[in-house]
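Q: Here it is, the structure, as structure tokens.
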Amino acid sequence: MDFDFSDEQRMLKDSVEQLITDRYDFEQRKKYMKEEAGYSRVQWAQYAEMGLLGLPFEERYGGVGGGPVETMIVMEAFGRGLVLEPYLATVVLGGGLVNLGGDDAQRAAILPKIADGSLLLAFAHSEAQSRYDLADIATTARRDADGWILDGEKNFVAHGNCADKLLVSARISGDRNSRDGIGLFLVDAKTKGVSRKNYETQDGLRAAQIRLSGVKVSSNDTIGDPGKALPLIERVAGNALAAVAAEAVGAMAAAHDITMEYLRTRKQFGVAIGSFQVLQHRAVDILVNLEQARSMALYATMMVNDPDPAERSKAISAATVQIRRSGKFIGQQVVQLHGGIGMTLEYKIGHYFKRLTAMESLLGDTDHHLAALARAGGLIAANA
Amino acid sequence: MDLRYTPEENKFRDEVRAFFRTAQPAHIRRKMELGQRLAKDDIVTWQRILNAKGWAVPSWPVEWGGTGWGPVKTYIFKEEMQLAPAPDPLSFNVSMVGPVLIAFGTEAQKRHFLPPVANLDYWFCQGFSEPGAGSDLASLRTSARLEGNEYVVNGQKIWTSRAHHADWMFCLVRTGTDAKLQRGISYLLIDTKTPGLTIRPIPTIDGEHHFNEVFFDNVRVPAENLVGEENKGWGYAKYLLGHERVGIARVGASKYRLQRAKALAADVMVGDIPLAQTERFCEKVAAIEVELKALEITQMRVVANAVNLPPGAPDPTSSILKLKGTELQQATTEILMEVAGANAMIRQQEHLWGTATEPSIGPEWTTTTAADYFYTRAASIYGGSNEIQKNVIAKRILGL
């Protein structure tokens, strides 16, 4: 049983944290948000140079051969900095799908370009009716002479606005909710028939609704076995949930630190408000929620490659429940403890609240994951 | 970074599990499974079995009977004991007076007390709280006046757990008049049979007798029963707050209750579905399991980090263990109450003690549920109330 980082992991942590400290304070972040794509291209290039974009990929694809712990380290630092760049969409989701589901040719074509910063991806999966059911897919894929034709609408495509290529899930066969019959397709965003409605999200990031009208995709651009993509999607969604758990912990930790400092320094009635017992107890509640969330982010990270899919899935759902509950509590309370300034756009703390809020509906909310965990029998077996 | 135990640790866990399965007397095991109350004899018997195995005081130095296991194995041992389920060794002996004597006692005191303490030949109780000194323990007023080679003790202690079973008491007494109250307190060992010492039971809402008031009327205590230096007793009591706090979360005990709740709920019908299959029950239990798993990992982090701290230094994260651990103990007793339904409210005290001669009204297991639930309300009150814990965390960790 060992919670220590290796020397290399420690170095990775130090260097990413230093980068955020140096280049991602609140003022710098405001500037990046105003760039055309909504994030800093210079930062993205910097991540490439540091090997962060190739982190989970094998060295022969230009990567670093990192595992879930490395991703956790980077995501936590990004969470602290409220980073805007499309890391989750490009590296964890898009890159993850190609890495785990693609053949050698596809990996060789795509992964090095992610690693060097020249290619951006997004995962177009959710639909208006699907809520959080990963199997609920109405977008269709029909066979034609050279490959497939895709028709449908995808919602909530994180960083879909700037993606060069889209990973699009579409139904080849079966009913709308059938687990079988879902395909995964690599679509160039400039393909005829792809139209994007880009938007800003409440937490300062970017996303898109994407319509596909008769979009032609070559057979070479199907990822994995056509019709059998759901297990791959579920696997990568699980990896993404573990990554977002770490990002959430980073955001919670930073929000906690800022708030404690505020309680120690803000004076009213002649004393620091942190001397008031009610606020002290609230601060402790925040700390307890943070530590519990941190523990479950570690748990998710360590279970992400567990060989038993059922255990893996339960662990990730359990972690998600804790992260979301802690995130909601901490997000709300750090605003409360700051009083009026917690409500302003120009102060950082409200932005942590908004980021944590955005995470609540990502790849399933608390109730969804709690129900999934309960249906799967929970974490503890009955024992007479 | 790895959550899993090493093969050696797994082997140890299996060894410990097997021991608890085979070495626990059947009648004690049955009482534990049904949640029945243990008699003094049961607790003594079990501790002596552990001591014969060399496992009664694992965290003590090896020279005094410790095992030298290190934090991970100690953690495994405690969890397996709670999951067996087997009784805990007497905490007043093993986790309180023992470590204080080891750290601050004289060689003569250690030689005299430690072996019988480990073997439960001496049963110790804790004389700390007073009617006027609970959370504000430093304001205690029981006094000890040195006369020649004896301390004369006058005053009153309250909430003294199992004083009625005890041979000895470790007692915080006022010996100094310093304006800073903590600086006038001494740590004294008192034989409960000493003339002038009277014990009076305090029945609690679970219908049981755990706690007592203890009155001191010119109780004469040999001066050599002072532990450490006069007026330094507060520090010795505080030393325990940094010592062995990991076990206070009782994750294993809460886990065991959830296992039981799920199994028992399979036999409770709600219409034509077992309670264990209703959505509401499953989600409620799953939510507690999530918090318990998080606490388990937090506990493992504290254990894993123990090797990085100077010996005896408290890990701030362990404060969370008491807070969250007691909340979850309470949540799990609540779930069992819900499973038991109205049966829990039938008062059948003989079944609680395992001395009944007639079958129970309602399922046997429901006869102990309410007592557990009522008694476990104390978990957030004792050991430093949860509100005090929050004050301490706010001050010591958050710097507020």
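Ordered as shown in the structure tokens, chains take letters A, B, and onward, while each chain numbers its residues from 1 and ligands are numbered from 1 in the order shown.
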Pick out the residues sitting within 7 Å of region 332-340 of chain A, and hand them over as JSON, numbers by chain; count only C-alpha atoms, and ignore anything fewer than 6 positions along from it in its own chain.
A: {"A": [255, 259, 349, 350, 353]}
Q: When the cut-off is 6 Å and we count only C-alpha atoms, which residues of chain A are near chain B, given as a list in words?
A: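 Within 6 Å of chain B on chain A, we get Met1, Asp2, Phe3, Asp4, Arg264, Gly274, Gln280, His281, Val284, Gln292, Ser295, Met296, Ala318, Ala374, Gly378, Ala382, Asn383 and Ala384 of chain A.
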Q: Go ahead and write the selection's residues with N, CA and C atoms as a PDB file, in the first residue's frame.
A:
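Result went into selection_37.pdb, see below:
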ATOM      1  N   MET A   1       0.855  -1.181   0.000  1.00  0.00           N
ATOM      2  CA  MET A   1       0.000   0.000   0.000  1.00  0.00           C
ATOM      3  C   MET A   1       0.894   1.234   0.000  1.00  0.00           C
ATOM      4  N   ASP A   2       0.765   2.041  -1.040  1.00  0.00           N
ATOM      5  CA  ASP A   2       1.769   3.084  -1.231  1.00  0.00           C
ATOM      6  C   ASP A   2       1.142   4.265  -1.940  1.00  0.00           C
ATOM      7  N   PHE A   3       1.159   5.423  -1.293  1.00  0.00           N
ATOM      8  CA  PHE A   3       0.581   6.612  -1.903  1.00  0.00           C
ATOM      9  C   PHE A   3       1.638   7.601  -2.364  1.00  0.00           C
ATOM     10  N   ASP A   4       2.897   7.183  -2.355  1.00  0.00           N
ATOM     11  CA  ASP A   4       3.955   8.111  -2.753  1.00  0.00           C
ATOM     12  C   ASP A   4       4.094   8.157  -4.264  1.00  0.00           C
ATOM     13  N   ARG A 264      -8.658  34.249   7.200  1.00  0.00           N
ATOM     14  CA  ARG A 264      -7.610  34.688   8.140  1.00  0.00           C
ATOM     15  C   ARG A 264      -7.374  36.184   8.057  1.00  0.00           C
ATOM     16  N   GLY A 274     -12.347  34.707  10.434  1.00  0.00           N
ATOM     17  CA  GLY A 274     -12.021  33.305  10.704  1.00  0.00           C
ATOM     18  C   GLY A 274     -12.052  32.961  12.176  1.00  0.00           C
ATOM     19  N   GLN A 280     -15.531  28.852  11.222  1.00  0.00           N
ATOM     20  CA  GLN A 280     -14.504  27.842  11.440  1.00  0.00           C
ATOM     21  C   GLN A 280     -15.056  26.454  11.136  1.00  0.00           C
ATOM     22  N   HIS A 281     -16.253  26.197  11.615  1.00  0.00           N
ATOM     23  CA  HIS A 281     -16.830  24.874  11.399  1.00  0.00           C
ATOM     24  C   HIS A 281     -17.153  24.660   9.924  1.00  0.00           C
ATOM     25  N   VAL A 284     -13.993  23.729   8.261  1.00  0.00           N
ATOM     26  CA  VAL A 284     -13.635  22.333   8.514  1.00  0.00           C
ATOM     27  C   VAL A 284     -14.475  21.414   7.636  1.00  0.00           C
ATOM     28  N   GLN A 292     -11.939  13.860   1.514  1.00  0.00           N
ATOM     29  CA  GLN A 292     -12.700  12.698   1.056  1.00  0.00           C
ATOM     30  C   GLN A 292     -12.679  12.638  -0.471  1.00  0.00           C
ATOM     31  N   SER A 295      -9.285  11.479  -1.649  1.00  0.00           N
ATOM     32  CA  SER A 295      -9.149  10.023  -1.479  1.00  0.00           C
ATOM     33  C   SER A 295      -9.845   9.277  -2.611  1.00  0.00           C
ATOM     34  N   MET A 296     -11.026   9.734  -2.996  1.00  0.00           N
ATOM     35  CA  MET A 296     -11.754   9.019  -4.039  1.00  0.00           C
ATOM     36  C   MET A 296     -11.178   9.275  -5.429  1.00  0.00           C
ATOM     37  N   ALA A 318     -18.574   5.271  -7.871  1.00  0.00           N
ATOM     38  CA  ALA A 318     -18.496   5.648  -6.459  1.00  0.00           C
ATOM     39  C   ALA A 318     -17.657   6.913  -6.297  1.00  0.00           C
ATOM     40  N   ALA A 374     -25.666   1.529  -7.152  1.00  0.00           N
ATOM     41  CA  ALA A 374     -26.642   0.758  -6.375  1.00  0.00           C
ATOM     42  C   ALA A 374     -27.124  -0.457  -7.165  1.00  0.00           C
ATOM     43  N   GLY A 378     -23.478  -2.124  -5.210  1.00  0.00           N
ATOM     44  CA  GLY A 378     -22.702  -1.340  -4.256  1.00  0.00           C
ATOM     45  C   GLY A 378     -21.285  -1.856  -4.104  1.00  0.00           C
ATOM     46  N   ALA A 382     -23.084  -8.193   0.701  1.00  0.00           N
ATOM     47  CA  ALA A 382     -23.872  -8.614   1.860  1.00  0.00           C
ATOM     48  C   ALA A 382     -23.169  -9.772   2.538  1.00  0.00           C
ATOM     49  N   ASN A 383     -23.331  -9.847   3.846  1.00  0.00           N
ATOM     50  CA  ASN A 383     -22.649 -10.916   4.577  1.00  0.00           C
ATOM     51  C   ASN A 383     -23.470 -11.257   5.796  1.00  0.00           C
ATOM     52  N   ALA A 384     -24.047 -12.434   5.789  1.00  0.00           N
ATOM     53  CA  ALA A 384     -24.858 -12.831   6.940  1.00  0.00           C
ATOM     54  C   ALA A 384     -23.933 -13.228   8.072  1.00  0.00           C
TER      55      ALA A 384
END
Q: Near Ala138 (chain A), within 12 Å and counting only C-alpha atoms, which residues show up once chain neighbours fewer than 3 positions away are dropped, as number ranges by chain?
A: A: 125-130, 133-135, 141, 150-155, 168-178, 181-183, 212
Q: Pick the closest to Gln24 (chain B) from B:Leu114, B:Met81, B:Val173, B:Ala39: which is it, counting only C-alpha atoms?
A: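 The answer is B:Met81, which sits nearest to Gln24 (chain B).
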Q: Using only C-alpha atoms, find the one residue out of A:Val321, A:Ala122, A:Leu82, A:Ala105 that sits nearest to Ala371 (chain A).
A: A:Val321
Q: One number please: CA of Pro7 (chain B) to CA of Ala306 (chain B), in Å, one decimal.
A: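 Those two atoms sit 20.7 Å apart.
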Q: Extract, using only C-alpha atoms, all DNA, RNA and protein residues at most 12 Å from Asp225 (chain A), discarding same-chain residues fewer than 5 positions from it, and format them as a count of residues only.
A: 15
Q: Between A:Leu298, A:Met260, A:Leu379, A:Ala251, which one has atoms that come closest to Gly327 (chain A), using only C-alpha atoms?
A: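 Checking each candidate against Gly327 (chain A), we get A:Ala251 as the closest.
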Q: I want to know what sits within 9 Å of Ser95 (chain B), based on only C-alpha atoms, with residues of the same chain fewer than 3 positions away left out; could you give that as a list of chain:residue names?
A: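 Counting only C-alpha atoms, the residues come to B:Val57, B:Ser59, B:Trp60, B:Leu90, B:Ser91, B:Phe92, B:Gly98, B:Pro99, B:Val100, B:Leu240, B:His243, B:Glu244.
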